[in-house]
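Q: Have a look at this one before I ask anything.
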Amino acid sequence: MLLPVARTRRRTAALAGAIALTLGLAGCTSSPEPDGPGTLTGPSATATASSEAVTETLLSAYDLAGKDARAVIEHLETLGGADRPEALMASIRPTELLLSDASGETTLPLPDDEFYLSFAPYVSQTHDCFFHSLTTCQGEVIERPVTVQIVDDATGETLVDETRTTEKNGFVGVWLPRDVDATLRVTLSDGQLVGEQKISTREDSATCLTTLQVA
């Protein structure tokens, strides 16, 4: 009688692992997965050709044909709710954009000298995130003007100083120089709610910031 129970436990554990993997790909990624899905190493000529075909198919399916990583990111970041392509997963990693759907997955390289950080200031509700998902992440503060200031900690140089509006997904995306440590300060339009946090733009840095509370 013990053997069927053991087999059931093994099947349950395997199912739980599969579900966890699916959730990790489908939602905001709460921890780095440098060797996880989407990491391409040493492609052969055949593999490269296949990858290019998958890339073309994926981009064309979502009206993104001809766009590079930067253009894809800036387009998808503005979408929210039902406007998002439900079948497409788009995860921003420090050096590449990982795209996947039922047909396969591919990556688009990010600019060598730029790092993309997407942050969602919040008042009372947030979620864990490490790699920003352009098609599933949702922030609390939606379509509200915010003042964004980012200063390089080492040099004191102001990298960003502008008024932006949070997107329908509650996030604001910024392109920053690579390999810097900086301080991000956000003020909501009424000037009463302010938040500040340290950020970095290195190969092991988060591309999604959801811990910036404004109070």
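In the structure tokens, each chain is lettered A, B, ... as it comes, each chain's residues begin at 1, and ligands are numbered from 1 in order of appearance.
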Out of segment 94-174 of chain A, which residues get strand (DSSP E) from DSSP, as a VMD selection string?

A: chain A and resid 96 to 101 104 to 109 114 to 119 145 to 152 158 to 165 172 to 174

Q: Within 6 Å of segment 66-76 of chain A, counting only C-alpha atoms, which residues show up once you throw out same-chain ones fewer than 6 positions away? Write them as a list in words, please.

A: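 Close residues of segment 66-76 of chain A: Leu108, Leu110 and Leu134 of chain A.
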
Q: Can you tell me how far atom CA of Arg93 of chain A sits from atom CA of Gly170 of chain A, in Å to one decimal?

A: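 Computing the Euclidean distance for atom CA of Arg93 of chain A and atom CA of Gly170 of chain A yields 19.3 Å.
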
Q: Ranking A:Glu203, A:Asp83, A:Glu167, A:Glu56 by minimum distance to Phe119 of chain A and counting only C-alpha atoms, which one comes first?

A: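 For Phe119 of chain A, the nearest of the given residues is A:Glu167.
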